[in-house]
Each structure stands twice: as C-alpha cells, then as structure tokens.
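Note: the block below is work01.cif and it holds mmCIF, C-alpha atoms.
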```cif
data_run
loop_
_atom_site.label_atom_id
_atom_site.label_comp_id
_atom_site.auth_asym_id
_atom_site.auth_seq_id
_atom_site.Cartn_x
_atom_site.Cartn_y
_atom_site.Cartn_z
CA MET A 451 195.71 -35.81 65.50
CA THR A 452 195.16 -32.44 63.91
CA ARG A 453 196.87 -31.92 60.57
CA ARG A 454 197.04 -28.62 58.76
CA SER A 455 198.72 -29.11 55.41
CA SER A 456 198.00 -29.56 51.74
CA ASP A 457 197.51 -33.08 50.38
CA ALA A 458 200.97 -32.98 48.80
CA ASN A 459 202.62 -32.17 52.11
CA GLN A 460 200.37 -34.23 54.39
CA SER A 461 202.97 -36.92 54.92
CA ARG A 462 205.72 -34.35 55.53
CA ARG A 463 204.22 -32.04 58.18
CA ILE A 464 201.96 -32.88 61.10
CA GLU A 465 200.64 -30.20 63.47
CA ILE A 466 199.10 -31.12 66.82
CA HIS A 467 196.98 -28.71 68.86
CA TYR A 468 195.55 -28.68 72.36
CA SER A 469 192.28 -30.56 72.85
CA PRO A 470 189.57 -28.40 74.48
CA TRP A 471 187.89 -31.63 75.61
CA VAL A 472 190.90 -32.17 77.87
CA TYR A 473 192.26 -28.79 78.92
CA ILE A 474 188.88 -27.24 79.83
CA PRO A 475 187.97 -30.00 82.38
CA ALA A 476 191.58 -29.92 83.63
CA THR A 477 191.26 -26.17 84.22
CA VAL A 478 187.94 -26.61 86.06
CA LEU A 479 189.53 -29.26 88.29
CA PHE A 480 192.54 -27.02 88.93
CA VAL A 481 190.36 -24.01 89.83
CA GLY A 482 188.25 -26.20 92.13
CA ALA A 483 191.34 -27.47 93.96
CA ALA A 484 192.73 -23.93 94.23
CA GLY A 485 189.38 -22.73 95.61
CA TRP A 486 189.38 -25.54 98.19
CA LEU A 487 192.90 -24.57 99.24
CA CYS A 488 191.96 -20.89 99.59
CA PHE A 489 188.82 -21.76 101.57
CA TRP A 490 190.75 -23.77 104.16
CA LEU A 491 193.51 -21.18 104.32
CA VAL A 492 191.03 -18.40 105.09
CA ALA A 493 189.01 -20.62 107.43
CA SER A 494 192.12 -21.55 109.41
CA LEU A 495 193.19 -17.93 109.76
CA VAL A 496 189.73 -16.62 110.71
CA SER A 497 188.58 -19.37 113.08
CA GLY A 498 191.83 -19.97 114.90
CA HIS A 499 190.60 -23.50 115.71
CA ILE A 500 193.39 -26.04 115.97
CA LEU A 501 191.75 -28.49 113.52
CA ALA A 502 191.15 -25.74 110.96
CA LEU A 503 194.76 -24.58 111.36
CA ALA A 504 195.99 -28.15 110.79
CA VAL A 505 193.87 -28.64 107.66
CA GLY A 506 194.87 -25.20 106.35
CA GLY A 507 198.53 -25.94 106.95
CA VAL A 508 198.32 -29.28 105.14
CA ALA A 509 196.46 -27.63 102.26
CA VAL A 510 199.07 -24.91 101.87
CA PHE A 511 202.23 -26.99 102.31
CA VAL A 512 201.09 -30.16 100.52
CA LEU A 513 198.49 -29.18 97.93
CA GLY A 514 200.04 -25.74 97.26
CA PRO A 515 203.31 -27.01 95.68
CA VAL A 516 201.36 -29.61 93.67
CA LEU A 517 199.06 -26.93 92.23
CA LEU A 518 202.02 -24.67 91.45
CA SER A 519 203.71 -27.49 89.53
CA PHE A 520 200.58 -27.90 87.35
CA LEU A 521 199.99 -24.16 86.86
CA PRO A 522 202.10 -23.76 83.65
CA ALA A 523 200.40 -26.76 82.02
CA VAL A 524 196.95 -25.35 82.82
CA VAL A 525 197.68 -21.76 81.76
CA HIS A 526 199.56 -22.50 78.53
CA PRO A 527 196.58 -23.87 76.52
CA TRP A 528 194.63 -20.65 77.19
CA ARG A 529 197.49 -18.37 76.11
CA HIS A 530 198.92 -20.32 73.18
CA ARG A 531 197.54 -20.11 69.65
CA GLY A 532 198.55 -22.48 66.88
CA PRO A 533 200.16 -25.92 66.94
CA VAL A 534 201.88 -27.14 70.08
CA VAL A 535 203.85 -29.98 68.50
CA VAL A 536 205.00 -30.04 64.87
CA LEU A 537 206.63 -32.96 63.06
CA ASP A 538 208.17 -32.31 59.66
CA GLU A 539 211.05 -33.47 57.46
CA GLU A 540 213.62 -31.67 59.62
CA GLY A 541 212.57 -32.84 63.08
CA ILE A 542 210.09 -32.30 65.87
CA THR A 543 209.19 -29.05 67.61
CA ASP A 544 207.51 -28.77 71.01
CA VAL A 545 206.86 -25.12 71.88
CA ARG A 546 206.46 -25.95 75.59
CA GLN A 547 210.07 -27.01 76.06
CA GLN A 548 213.17 -24.99 76.85
CA VAL A 549 214.97 -26.71 73.96
CA SER A 550 212.02 -26.64 71.58
CA PHE A 551 213.45 -28.30 68.44
CA LEU A 552 215.01 -31.72 67.97
CA PRO A 553 216.36 -32.63 64.49
CA TRP A 554 215.88 -36.19 63.28
CA SER A 555 219.64 -36.43 62.76
CA ASP A 556 220.09 -36.37 66.57
CA VAL A 557 217.59 -39.20 67.13
CA ARG A 558 218.50 -42.86 67.46
CA SER A 559 215.14 -44.30 68.49
CA ILE A 560 211.59 -43.26 69.35
CA HIS A 561 209.14 -44.98 71.71
CA LEU A 562 206.22 -44.32 74.02
CA GLY A 563 206.67 -44.17 77.77
CA VAL A 564 205.57 -47.10 79.89
CA GLY A 565 202.98 -47.44 82.62
CA GLU A 566 201.73 -44.14 83.96
CA ASN A 567 204.07 -42.35 81.53
CA ALA A 568 202.53 -43.97 78.44
CA ALA A 569 201.31 -40.54 77.31
CA TRP A 570 204.87 -39.42 76.54
CA LEU A 571 206.66 -39.62 73.19
CA CYS A 572 210.28 -40.40 74.08
CA PHE A 573 213.35 -39.72 71.93
CA GLU A 574 216.70 -41.35 72.55
CA PHE A 575 219.70 -39.50 71.14
CA ARG A 576 222.40 -40.93 68.95
CA ARG A 577 225.53 -41.65 70.99
CA ALA A 578 227.43 -38.80 69.31
CA ASP A 579 224.68 -36.38 70.36
CA ARG A 580 224.23 -37.69 73.89
CA SER A 581 225.44 -34.35 75.33
CA ARG A 582 222.17 -32.74 74.20
CA GLN A 583 220.48 -34.19 77.28
CA GLU A 584 222.35 -31.65 79.42
CA LEU A 585 220.57 -28.72 77.71
CA GLY A 586 217.54 -28.98 79.98
CA SER A 587 217.15 -26.72 83.00
CA LEU A 588 218.02 -29.55 85.43
CA GLY A 589 221.06 -30.86 83.53
CA ARG A 590 222.33 -34.21 84.84
CA LEU A 591 219.67 -34.27 87.56
CA GLY A 592 216.96 -33.96 84.90
CA SER A 593 218.52 -36.80 82.93
CA PHE A 594 218.59 -38.98 86.05
CA LEU A 595 214.95 -38.18 86.87
CA ASN A 596 213.92 -39.09 83.32
CA ARG A 597 215.60 -42.49 83.70
CA THR A 598 213.84 -43.19 87.01
CA ARG A 599 210.49 -42.44 85.31
CA SER A 600 211.30 -44.74 82.34
CA LEU A 601 211.52 -41.72 80.03
CA SER A 602 214.33 -40.91 77.60
CA ASP A 603 216.67 -38.05 76.64
CA TRP A 604 214.02 -35.71 75.20
CA ASN A 605 210.34 -36.28 75.93
CA VAL A 606 207.09 -34.81 74.61
CA THR A 607 204.02 -35.08 76.82
CA LEU A 608 200.87 -35.90 74.85
CA ARG A 609 198.48 -35.05 77.66
CA MET A 610 195.96 -32.36 76.69
CA LEU A 611 196.85 -32.75 72.99
CA ALA A 612 194.38 -33.72 70.27
CA CYS A 613 196.16 -36.82 68.95
CA ASN A 614 196.28 -40.58 69.01
CA LYS A 615 199.58 -41.56 70.62
CA ASP A 616 200.03 -44.73 68.55
CA ASP A 617 199.39 -42.89 65.27
CA LEU A 618 201.81 -40.17 66.35
CA LEU A 619 204.49 -42.72 67.20
CA ARG A 620 204.12 -44.31 63.76
CA SER A 621 204.32 -40.90 62.05
CA ALA A 622 207.39 -39.88 64.04
CA ARG A 623 209.17 -43.14 63.21
CA ARG A 624 208.26 -42.81 59.53
CA LEU A 625 209.61 -39.24 59.31
CA HIS A 626 212.76 -40.31 61.15
CA GLN A 627 213.27 -43.23 58.75
CA GLN A 628 212.80 -40.91 55.77
CA GLN A 629 215.51 -38.62 57.13
CA VAL A 630 217.85 -41.59 57.60
CA ARG A 631 217.26 -42.65 53.98
CA ARG A 632 217.92 -39.10 52.73
CA SER A 633 221.17 -39.01 54.71
CA VAL A 634 222.32 -42.32 53.21
CA VAL A 635 221.45 -41.18 49.68
CA ALA A 636 223.25 -37.86 50.20
CA LEU A 637 226.31 -39.71 51.54
CA ASN A 638 226.37 -42.08 48.55
CA ASP A 639 225.99 -39.19 46.08
CA ARG A 640 229.08 -37.42 47.39
CA PRO A 641 232.08 -37.53 44.97
CA ASN A 642 234.93 -39.82 45.93
CA SER A 643 232.82 -41.60 48.53
CA GLY A 644 233.23 -45.34 48.81
CA TRP A 645 235.47 -47.43 46.57
CA SER A 646 236.98 -45.65 43.61
CA GLY A 647 236.98 -48.76 41.44
CA THR A 648 240.76 -49.00 41.27
CA LEU A 649 243.33 -50.86 43.39
#
```
Can you turn what I pasted into structure tokens?
Amino acid sequence: MTRRSSDANQSRRIEIHYSPWVYIPATVLFVGAAGWLCFWLVASLVSGHILALAVGGVAVFVLGPVLLSFLPAVVHPWRHRGPVVVLDEEGITDVRQQVSFLPWSDVRSIHLGVGENAAWLCFEFRRADRSRQELGSLGRLGSFLNRTRSLSDWNVTLRMLACNKDDLLRSARRLHQQQVRRSVVALNDRPNSGWSGTL
C-alpha cells in the first residue's frame, strides 16, 4: 500500500497507486494477444484457406470482445498520474469509476469479495442509501450482475494496485468506524437531543 501523507495525517489519508510490477506484464500480455488476433485476421484474409478463415473468425468474434473489455484497464495505468484510490476521513475515492466518491456515511459494511473476486473491496450501502446502487451505467442490471458475482453495491477492484488487500480492508473499516463515532458524538452534542432531564 502506498501512502503519501505526513506522520500526523497517516492514519487519516491513504493513497494507493498502480503497481508497475502488475500493469506492465498485463500490458505485454494484452499486446501479445492483440498481435495474435491481428496475425490470424490477416492470415485468414490473405490465404483464403477455410481453416485460416475459421481460426480468424473465432479470433475476431471471441477474443476480440474479450480484449476490448480489458482495453480500458490496460490503458488507464499508462495515462493516469497520481493515486487511483484514496481513503480519508470523508470516504473513499476511486478515479476509475463513474461514481467516483463514496462517503462513509452511506456505508453499512465493508468486505472483500470471495473466490475469484477476492481482489475486490466491496461496500454495502446503508438501507436508507440503497438507491445509490442505481447510479452505475447499468442500473438495476449492474446491481443484479454484482450479486451473481458475490460483489456488493459499490466495488473497488484491487487488481494492478500496489496494496495488500487485507491491510486495505482493515484501514477502510477503521476509517468507517471513526466516521461512525464522529457522527454519534456530533448527534449527542446537539442541543435538546435526548432526554431533557424533566418529566
């Protein structure tokens, strides 16, 4: 986990960056797969052989959409400068998402994904804020797909990031708990809150 803060603010702000040890090999693999696809596409068009046409067709219609789905994740680390995910006293920011900021006040619980999705940090909304899950580009369909993948309402992928997922989970839960405590203190400090002391 990469932290960029003074000692006084270390527990209040955590910045996570891309890991070059992950995104550079991922880019090489992506370029290799794209080159393989282009080779078979050209070979199928030039040769006209039925086997080459079949392989080229499979490459374009099967591998093509898969590569296109990974393209944003491969390109973003090369174009983005600065932290990708930031946790602070107010909430969590993920610059890769359409809705990039989630305040702690909207969060009910935080956990890691399960199985093949263990590299996701998952946030479940408070019941009163459940409508936030419709803010994504896929709306209700996106929410349904998240459930089928054992993800939650708002999810942060940790793949290609320089962090330890267990440490990050602990930090996120700690910052969330601190916000809950601040909210309780602020509520108790309000005038005329609670019992007045008279019957």
* Asked: Between atom CA of A:Ser519 and atom CA of A:Leu495, what is the spacing in Å?
  ->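 Straight-line distance from atom CA of A:Leu495 to atom CA of A:Ser519 works out to 24.7 Å.
Among the candidates A:Trp490, A:Phe520, A:Trp471, A:Phe573, the one nearest to A:Gly541 when counting only C-alpha atoms is A:Phe573.
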* **Test item: residues at most 8 Å from stretch 601-615 of chain A, all atoms listed in the file, excluding those fewer than 6 positions along its chain, as a list in words** =>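 Returned residues: Met451, Thr452, Ile466, His467, Tyr468, Ser469, Pro470, Val472, Tyr473, Asp544, Leu562, Gly563, Asn567, Ala569, Trp570, Leu571, Cys572, Phe573, Glu574, Phe575, Gln583 and Ser593 of chain A.
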* Residue nearest A:Pro553 - candidates A:Ala568, A:Val630, A:Val525, A:Leu491, atoms counted: all atoms listed in the file ->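 The answer is A:Val630, which sits nearest to A:Pro553.
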* What is the atom CA of A:Asp556 to atom CA of A:Arg623 distance in Å? -> 13.3 Å
